[in-house]
file upload32.pdb (PDB, C-alpha atoms, pLDDT in the B column)
MODEL        1
ATOM      1  CA  MET A1034     125.129  74.445 124.668  1.00 50.00           C
ATOM      2  CA  LYS A1035     122.371  74.974 122.115  1.00 53.00           C
ATOM      3  CA  SER A1036     119.868  75.930 124.830  1.00 50.00           C
ATOM      4  CA  PHE A1037     122.361  78.513 126.177  1.00 40.00           C
ATOM      5  CA  GLN A1038     122.594  80.102 122.699  1.00 47.00           C
ATOM      6  CA  ILE A1039     118.821  80.275 122.477  1.00 45.00           C
ATOM      7  CA  VAL A1040     118.615  81.945 125.889  1.00 38.00           C
ATOM      8  CA  VAL A1041     121.234  84.520 124.865  1.00 39.00           C
ATOM      9  CA  VAL A1042     119.444  85.279 121.574  1.00 40.00           C
ATOM     10  CA  VAL A1043     116.081  85.627 123.330  1.00 40.00           C
ATOM     11  CA  ALA A1044     117.586  87.883 126.020  1.00 42.00           C
ATOM     12  CA  CYS A1045     119.253  90.115 123.408  1.00 41.00           C
ATOM     13  CA  ALA A1046     116.049  90.347 121.392  1.00 41.00           C
ATOM     14  CA  TYR A1047     114.103  91.266 124.516  1.00 43.00           C
ATOM     15  CA  MET A1048     116.621  93.985 125.436  1.00 42.00           C
ATOM     16  CA  LEU A1049     116.557  95.440 121.920  1.00 41.00           C
ATOM     17  CA  GLN A1050     112.755  95.403 121.910  1.00 43.00           C
ATOM     18  CA  ALA A1051     112.616  97.119 125.317  1.00 45.00           C
ATOM     19  CA  GLU A1052     115.073  99.796 124.162  1.00 47.00           C
ATOM     20  CA  ALA A1053     113.124 100.393 120.943  1.00 50.00           C
ATOM     21  CA  ASN A1054     109.887 100.736 122.887  1.00 61.00           C
ATOM     22  CA  SER A1055     111.289 103.521 125.063  1.00 69.00           C
ATOM     23  CA  PHE A1056     111.151 105.741 121.964  1.00 76.00           C
ATOM     24  CA  ASP A1057     107.581 104.734 121.090  1.00 78.00           C
ATOM     25  CA  GLN A1058     106.352 106.972 123.894  1.00 80.00           C
ATOM     26  CA  ILE A1059     107.425 110.131 122.028  1.00 81.00           C
ATOM     27  CA  ARG A1060     105.373 109.308 118.927  1.00 86.00           C
ATOM     28  CA  GLY A1061     103.182 112.303 118.101  1.00 86.00           C
ATOM     29  CA  CYS A1062     105.231 114.761 120.198  1.00 90.00           C
ATOM     30  CA  LYS A1063     106.812 117.970 118.919  1.00 92.00           C
ATOM     31  CA  GLN A1064     110.590 118.213 119.263  1.00 91.00           C
ATOM     32  CA  TYR A1065     112.733 121.070 120.554  1.00 88.00           C
ATOM     33  CA  ASN A1066     116.533 120.915 120.511  1.00 90.00           C
ATOM     34  CA  THR A1067     118.080 123.248 123.072  1.00 75.00           C
ATOM     35  CA  MET A1068     120.364 125.750 121.440  1.00 73.00           C
ATOM     36  CA  THR A1069     120.336 128.639 123.876  1.00 76.00           C
ATOM     37  CA  ASP A1070     122.152 128.251 127.154  1.00 77.00           C
ATOM     38  CA  TYR A1071     120.606 128.832 130.556  1.00 81.00           C
ATOM     39  CA  ASN A1072     121.303 132.576 130.688  1.00 78.00           C
ATOM     40  CA  GLY A1073     120.368 133.251 127.081  1.00 78.00           C
ATOM     41  CA  ALA A1074     117.080 134.561 125.722  1.00 79.00           C
ATOM     42  CA  VAL A1075     115.132 131.310 125.484  1.00 84.00           C
ATOM     43  CA  PRO A1076     112.125 131.420 123.146  1.00 87.00           C
ATOM     44  CA  TYR A1077     108.734 131.086 124.820  1.00 91.00           C
ATOM     45  CA  PHE A1078     105.722 129.676 122.972  1.00 93.00           C
ATOM     46  CA  PRO A1079     102.015 130.035 123.753  1.00 96.00           C
ATOM     47  CA  THR A1080     100.527 126.995 125.457  1.00 95.00           C
ATOM     48  CA  ALA A1081      97.160 127.899 123.873  1.00 94.00           C
ATOM     49  CA  ASP A1082      98.632 126.652 120.563  1.00 95.00           C
ATOM     50  CA  LEU A1083      99.367 123.185 121.971  1.00 94.00           C
ATOM     51  CA  GLN A1084      97.063 120.409 120.799  1.00 95.00           C
ATOM     52  CA  HIS A1085      97.482 117.932 123.655  1.00 95.00           C
ATOM     53  CA  VAL A1086      96.883 119.779 126.914  1.00 95.00           C
ATOM     54  CA  GLY A1087      94.843 117.898 129.478  1.00 93.00           C
ATOM     55  CA  HIS A1088      92.243 119.881 131.387  1.00 92.00           C
ATOM     56  CA  THR A1089      90.546 119.115 134.662  1.00 92.00           C
ATOM     57  CA  GLY A1090      88.262 121.561 136.366  1.00 90.00           C
ATOM     58  CA  GLN A1091      91.173 122.659 138.541  1.00 95.00           C
ATOM     59  CA  SER A1092      94.348 122.158 136.476  1.00 96.00           C
ATOM     60  CA  LYS A1093      96.159 121.818 133.155  1.00 96.00           C
ATOM     61  CA  LEU A1094      98.276 118.764 132.297  1.00 96.00           C
ATOM     62  CA  PHE A1095     101.326 118.762 130.011  1.00 97.00           C
ATOM     63  CA  LYS A1096     103.037 115.575 128.870  1.00 96.00           C
ATOM     64  CA  PHE A1097     106.659 115.893 127.752  1.00 96.00           C
ATOM     65  CA  ALA A1098     109.927 113.969 127.623  1.00 95.00           C
ATOM     66  CA  ILE A1099     113.584 114.899 127.868  1.00 95.00           C
ATOM     67  CA  LEU A1100     116.540 113.105 126.317  1.00 94.00           C
ATOM     68  CA  GLY A1101     119.841 114.101 127.891  1.00 94.00           C
ATOM     69  CA  PRO A1102     122.183 113.459 130.794  1.00 95.00           C
ATOM     70  CA  LYS A1103     121.089 116.189 133.234  1.00 94.00           C
ATOM     71  CA  ASP A1104     119.716 119.663 133.874  1.00 93.00           C
ATOM     72  CA  GLY A1105     116.441 119.951 131.980  1.00 93.00           C
ATOM     73  CA  HIS A1106     114.786 123.310 132.685  1.00 94.00           C
ATOM     74  CA  ILE A1107     111.160 124.175 131.994  1.00 95.00           C
ATOM     75  CA  ARG A1108     109.911 127.697 132.501  1.00 94.00           C
ATOM     76  CA  PHE A1109     106.393 129.032 132.308  1.00 96.00           C
ATOM     77  CA  GLY A1110     104.752 132.380 132.850  1.00 94.00           C
ATOM     78  CA  LYS A1111     102.064 134.791 131.811  1.00 94.00           C
ATOM     79  CA  SER A1112     103.786 136.603 128.916  1.00 90.00           C
ATOM     80  CA  LEU A1113     105.735 135.843 125.751  1.00 90.00           C
ATOM     81  CA  TYR A1114     108.666 138.004 126.862  1.00 86.00           C
ATOM     82  CA  PRO A1115     108.698 137.616 130.652  1.00 86.00           C
ATOM     83  CA  TYR A1116     111.591 139.937 131.397  1.00 85.00           C
ATOM     84  CA  ASN A1117     111.144 142.001 134.541  1.00 89.00           C
ATOM     85  CA  ASN A1118     108.451 139.492 135.553  1.00 90.00           C
ATOM     86  CA  ASP A1119     108.411 136.281 137.534  1.00 94.00           C
ATOM     87  CA  VAL A1120     108.231 132.834 135.934  1.00 94.00           C
ATOM     88  CA  ILE A1121     108.158 129.363 137.399  1.00 96.00           C
ATOM     89  CA  GLU A1122     111.214 127.261 136.627  1.00 96.00           C
ATOM     90  CA  ILE A1123     111.316 123.505 137.111  1.00 97.00           C
ATOM     91  CA  VAL A1124     114.764 121.907 137.152  1.00 96.00           C
ATOM     92  CA  LEU A1125     114.793 118.181 136.351  1.00 97.00           C
ATOM     93  CA  GLY A1126     117.907 116.131 137.025  1.00 96.00           C
ATOM     94  CA  GLY A1127     119.902 119.132 138.187  1.00 94.00           C
ATOM     95  CA  TRP A1128     123.079 119.132 140.225  1.00 96.00           C
ATOM     96  CA  SER A1129     124.666 116.371 138.118  1.00 95.00           C
ATOM     97  CA  ASN A1130     121.400 114.416 137.873  1.00 97.00           C
ATOM     98  CA  THR A1131     120.936 114.113 141.643  1.00 97.00           C
ATOM     99  CA  ARG A1132     117.959 116.355 142.465  1.00 96.00           C
ATOM    100  CA  SER A1133     115.117 118.406 141.027  1.00 98.00           C
ATOM    101  CA  ALA A1134     113.620 121.738 142.087  1.00 97.00           C
ATOM    102  CA  GLY A1135     110.749 124.115 141.597  1.00 97.00           C
ATOM    103  CA  ARG A1136     111.459 127.796 141.941  1.00 96.00           C
ATOM    104  CA  ARG A1137     110.126 131.237 141.180  1.00 96.00           C
ATOM    105  CA  GLN A1138     112.538 133.113 138.981  1.00 94.00           C
ATOM    106  CA  HIS A1139     112.785 136.835 138.322  1.00 92.00           C
ATOM    107  CA  ARG A1140     114.799 137.608 135.221  1.00 84.00           C
ATOM    108  CA  THR A1141     115.964 140.853 133.676  1.00 80.00           C
ATOM    109  CA  SER A1142     117.915 141.145 130.444  1.00 72.00           C
ATOM    110  CA  ASN A1143     121.244 140.638 132.205  1.00 76.00           C
ATOM    111  CA  LYS A1144     120.627 138.819 135.510  1.00 82.00           C
ATOM    112  CA  HIS A1145     118.211 136.553 137.354  1.00 85.00           C
ATOM    113  CA  SER A1146     117.316 135.527 140.877  1.00 89.00           C
ATOM    114  CA  ASN A1147     115.775 132.250 142.011  1.00 92.00           C
ATOM    115  CA  HIS A1148     113.476 131.677 144.982  1.00 92.00           C
ATOM    116  CA  VAL A1149     113.370 127.947 145.761  1.00 95.00           C
ATOM    117  CA  LEU A1150     109.836 126.638 146.349  1.00 96.00           C
ATOM    118  CA  ALA A1151     110.715 122.930 146.642  1.00 97.00           C
ATOM    119  CA  GLU A1152     113.573 120.475 146.130  1.00 97.00           C
ATOM    120  CA  ALA A1153     113.580 116.691 145.860  1.00 97.00           C
ATOM    121  CA  GLN A1154     116.292 114.062 145.658  1.00 97.00           C
ATOM    122  CA  THR A1155     115.983 112.452 142.206  1.00 97.00           C
ATOM    123  CA  PRO A1156     119.175 110.456 141.555  1.00 97.00           C
ATOM    124  CA  ASN A1157     119.605 109.293 137.949  1.00 96.00           C
ATOM    125  CA  LEU A1158     116.288 110.818 136.837  1.00 97.00           C
ATOM    126  CA  MET A1159     117.529 111.845 133.385  1.00 95.00           C
ATOM    127  CA  SER A1160     119.035 109.590 130.714  1.00 95.00           C
ATOM    128  CA  PRO A1161     121.238 110.303 127.684  1.00 94.00           C
ATOM    129  CA  PHE A1162     120.119 106.985 126.137  1.00 93.00           C
ATOM    130  CA  ARG A1163     116.318 107.167 126.221  1.00 93.00           C
ATOM    131  CA  PRO A1164     113.695 109.879 126.607  1.00 95.00           C
ATOM    132  CA  VAL A1165     112.240 110.160 130.094  1.00 95.00           C
ATOM    133  CA  MET A1166     108.512 110.999 130.014  1.00 95.00           C
ATOM    134  CA  PHE A1167     106.987 113.383 132.561  1.00 96.00           C
ATOM    135  CA  LEU A1168     103.584 114.814 133.421  1.00 97.00           C
ATOM    136  CA  LEU A1169     103.437 118.415 134.618  1.00 97.00           C
ATOM    137  CA  GLU A1170     100.217 119.484 136.306  1.00 97.00           C
ATOM    138  CA  VAL A1171      99.634 123.166 137.041  1.00 97.00           C
ATOM    139  CA  PHE A1172      96.656 123.944 139.282  1.00 96.00           C
ATOM    140  CA  ASN A1173      94.551 127.113 139.267  1.00 95.00           C
ATOM    141  CA  ASP A1174      95.350 127.659 142.965  1.00 95.00           C
ATOM    142  CA  GLY A1175      99.126 127.777 142.280  1.00 95.00           C
ATOM    143  CA  GLY A1176      99.903 124.125 142.968  1.00 96.00           C
ATOM    144  CA  VAL A1177     102.427 122.414 140.702  1.00 97.00           C
ATOM    145  CA  LYS A1178     103.117 118.679 140.537  1.00 97.00           C
ATOM    146  CA  VAL A1179     105.640 116.772 138.426  1.00 98.00           C
ATOM    147  CA  ARG A1180     105.596 113.004 138.107  1.00 97.00           C
ATOM    148  CA  LEU A1181     107.007 110.343 135.870  1.00 95.00           C
ATOM    149  CA  HIS A1182     104.547 109.168 133.253  1.00 92.00           C
ATOM    150  CA  GLY A1183     102.802 106.033 134.469  1.00 89.00           C
ATOM    151  CA  GLN A1184     103.215 106.907 138.146  1.00 93.00           C
ATOM    152  CA  THR A1185     100.498 108.397 140.321  1.00 94.00           C
ATOM    153  CA  ILE A1186     102.633 110.032 143.018  1.00 96.00           C
ATOM    154  CA  PRO A1187     104.586 113.186 142.097  1.00 97.00           C
ATOM    155  CA  PHE A1188     108.290 113.323 142.889  1.00 97.00           C
ATOM    156  CA  LEU A1189     108.145 117.139 143.009  1.00 98.00           C
ATOM    157  CA  ALA A1190     105.244 119.208 144.327  1.00 98.00           C
ATOM    158  CA  PHE A1191     104.999 122.806 145.471  1.00 97.00           C
ATOM    159  CA  THR A1192     102.647 125.769 145.644  1.00 96.00           C
ATOM    160  CA  ASP A1193     103.305 129.095 143.992  1.00 95.00           C
ATOM    161  CA  THR A1194     101.403 131.625 146.103  1.00 94.00           C
ATOM    162  CA  THR A1195     101.585 134.203 143.298  1.00 94.00           C
ATOM    163  CA  ARG A1196      99.708 131.781 140.979  1.00 95.00           C
ATOM    164  CA  ILE A1197     101.783 132.429 137.875  1.00 95.00           C
ATOM    165  CA  PRO A1198      99.722 131.103 134.951  1.00 94.00           C
ATOM    166  CA  VAL A1199     101.102 128.687 132.371  1.00 95.00           C
ATOM    167  CA  ASN A1200     100.241 130.873 129.349  1.00 95.00           C
ATOM    168  CA  TYR A1201     103.721 130.608 127.813  1.00 96.00           C
ATOM    169  CA  MET A1202     106.400 127.950 128.160  1.00 95.00           C
ATOM    170  CA  ALA A1203     110.105 127.593 127.360  1.00 94.00           C
ATOM    171  CA  PHE A1204     112.867 124.996 127.646  1.00 93.00           C
ATOM    172  CA  ALA A1205     116.470 125.625 128.651  1.00 91.00           C
ATOM    173  CA  LYS A1206     119.647 123.682 129.259  1.00 88.00           C
ATOM    174  CA  TRP A1207     122.533 124.197 131.628  1.00 87.00           C
ATOM    175  CA  GLU A1208     125.807 122.866 130.187  1.00 85.00           C
ATOM    176  CA  GLN A1209     124.875 120.092 127.761  1.00 87.00           C
ATOM    177  CA  ASP A1210     122.467 119.937 124.850  1.00 89.00           C
ATOM    178  CA  LEU A1211     119.112 118.285 125.467  1.00 93.00           C
ATOM    179  CA  ILE A1212     116.189 117.253 123.318  1.00 93.00           C
ATOM    180  CA  PHE A1213     112.728 118.091 124.626  1.00 94.00           C
ATOM    181  CA  PHE A1214     109.648 116.314 123.307  1.00 95.00           C
ATOM    182  CA  TYR A1215     106.519 118.295 124.147  1.00 95.00           C
ATOM    183  CA  ASP A1216     102.837 118.572 123.276  1.00 94.00           C
ATOM    184  CA  CYS A1217     102.747 114.791 123.524  1.00 93.00           C
ATOM    185  CA  PRO A1218      99.407 113.014 123.109  1.00 93.00           C
ATOM    186  CA  MET A1219      97.772 112.115 126.399  1.00 86.00           C
TER     187      MET A1219
ENDMDL
END
call {"tool": "encode", "arguments": {"input": "upload32.pdb", "output": "structure tokens"}}
result
Amino acid sequence: MKSFQIVVVVACAYMLQAEANSFDQIRGCKQYNTMTDYNGAVPYFPTADLQHVGHTGQSKLFKFAILGPKDGHIRFGKSLYPYNNDVIEIVLGGWSNTRSAGRRQHRTSNKHSNHVLAEAQTPNLMSPFRPVMFLLEVFNDGGVKVRLHGQTIPFLAFTDTTRIPVNYMAFAKWEQDLIFFYDCPM
């Protein structure tokens, strides 16, 4: 009986340690709490002000995490106020946390249209209990890849033929509040 108690204590300690470590990955990141809904005027920020952007000769890398049950939206474009212009929108854990998508979005002050560039099945990608860390790579030729941190193969990849630059970025939610952790150290 004593050995069973020891096994239970060790297992519980291991589980608590593993859960605590899932938050270690956001150390050094900036935090953004979504307040504006999907159709609202989300605030864009200049990516030139970020401290932890990875650069290759052909691409820029952004490391970020999302804490929430579903529907994390990342948008990027060439201007601070991209109305009447196209942006790229990446949906993570959309459609009740079953799939993700990359799309070109045209938004005016009162409506938007989406042109789907790629979709992928991503069941249970998001989590309301721990931040999920991602790497977003945007290539100079219009290629975009999204992968889970620590993995080498992207789960979402597409090419934007209009080559919208990632000069400004924004985060949005659909129905439920999310916490975004961005500008994370590489």
call {"tool": "resolve_selection", "arguments": {"input": "upload32.pdb", "expression": "the PyMOL selection byres ((chain A and resi 1077) around 8)", "output": "VMD selection string"}}
result
chain A and resid 1075 to 1076 1078 to 1079 1113 to 1114 1201 to 1204
call {"tool": "closest_residue", "arguments": {"input": "upload32.pdb", "among": "A:Gln1058, A:Gly1183, A:Pro1115, A:Thr1067", "to": "A:Ser1142", "atoms": "only C-alpha atoms"}}
result
A:Pro1115
call {"tool": "atom_distance", "arguments": {"input": "upload32.pdb", "atom1": "atom CA of A:Pro1102", "atom2": "atom CA of A:Met1159"}}
result
5.6 Å
call {"tool": "resolve_selection", "arguments": {"input": "upload32.pdb", "expression": "the PyMOL selection byres ((chain A and resi 1081) around 12)", "output": "PyMOL selection string"}}
result
chain A and resi 1078-1080+1082-1087+1093+1095+1111+1113+1198-1202+1216
call {"tool": "atom_distance", "arguments": {"input": "upload32.pdb", "atom1": "atom CA of A:Lys1103", "atom2": "atom CA of A:Ala1190"}}
result
19.6 Å
call {"tool": "closest_residue", "arguments": {"input": "upload32.pdb", "among": "A:Cys1217, A:Val1171, A:Met1166, A:Leu1181", "to": "A:Ala1098", "atoms": "all atoms listed in the file"}}
result
A:Met1166
call {"tool": "atom_distance", "arguments": {"input": "upload32.pdb", "atom1": "atom CA of A:Ser1133", "atom2": "atom CA of A:Asp1057"}}
result
25.3 Å
call {"tool": "resolve_selection", "arguments": {"input": "upload32.pdb", "expression": "the PyMOL selection byres ((chain A and resi 1208) around 10)", "output": "tab-separated table (two decimals) with C-alpha atoms, in the frame of the given file"}}
result
chain	number	residue	atom	x	y	z
A	1070	ASP	CA	122.15	128.25	127.15
A	1071	TYR	CA	120.61	128.83	130.56
A	1103	LYS	CA	121.09	116.19	133.23
A	1104	ASP	CA	119.72	119.66	133.87
A	1105	GLY	CA	116.44	119.95	131.98
A	1205	ALA	CA	116.47	125.62	128.65
A	1206	LYS	CA	119.65	123.68	129.26
A	1207	TRP	CA	122.53	124.20	131.63
A	1209	GLN	CA	124.88	120.09	127.76
A	1210	ASP	CA	122.47	119.94	124.85
A	1211	LEU	CA	119.11	118.28	125.47
call {"tool": "closest_residue", "arguments": {"input": "upload32.pdb", "among": "A:Asn1118, A:Pro1218, A:Phe1162, A:Asn1173", "to": "A:Phe1056", "atoms": "only C-alpha atoms"}}
result
A:Phe1162
call {"tool": "residues_around", "arguments": {"input": "upload32.pdb", "residues": "A:Thr1195", "least_positions_apart": "5", "cutoff": "12 Å", "atoms": "all atoms listed in the file", "output": "PyMOL selection string"}}
result
chain A and resi 1110-1111+1118-1121+1136-1138+1150+1173-1176
call {"tool": "residues_around", "arguments": {"input": "upload32.pdb", "residues": "A:Asn1157", "least_positions_apart": "6", "cutoff": "10 Å", "atoms": "all atoms listed in the file", "output": "number ranges by chain"}}
result
A: 1102-1103, 1126-1127, 1129-1132
call {"tool": "residues_near_point", "arguments": {"input": "upload32.pdb", "point": "(112.5, 125.7, 140.9)", "cutoff": "6 Å", "atoms": "all atoms listed in the file", "output": "mmCIF file with C-alpha atoms, keeping the file's coordinate frame"}}
result
data_model
loop_
_atom_site.group_PDB
_atom_site.id
_atom_site.type_symbol
_atom_site.label_atom_id
_atom_site.label_comp_id
_atom_site.auth_asym_id
_atom_site.auth_seq_id
_atom_site.Cartn_x
_atom_site.Cartn_y
_atom_site.Cartn_z
ATOM 1 C CA GLU A 1122 111.214 127.261 136.627
ATOM 2 C CA ILE A 1123 111.316 123.505 137.111
ATOM 3 C CA VAL A 1124 114.764 121.907 137.152
ATOM 4 C CA ALA A 1134 113.620 121.738 142.087
ATOM 5 C CA GLY A 1135 110.749 124.115 141.597
ATOM 6 C CA ARG A 1136 111.459 127.796 141.941
ATOM 7 C CA VAL A 1149 113.370 127.947 145.761
#
call {"tool": "closest_residue", "arguments": {"input": "upload32.pdb", "among": "A:Thr1089, A:Met1068, A:His1106, A:Leu1169", "to": "A:Phe1188", "atoms": "all atoms listed in the file"}}
result
A:Leu1169
call {"tool": "closest_residue", "arguments": {"input": "upload32.pdb", "among": "A:Ile1212, A:Val1179, A:Met1219, A:Cys1062", "to": "A:Ala1153", "atoms": "all atoms listed in the file"}}
result
A:Val1179
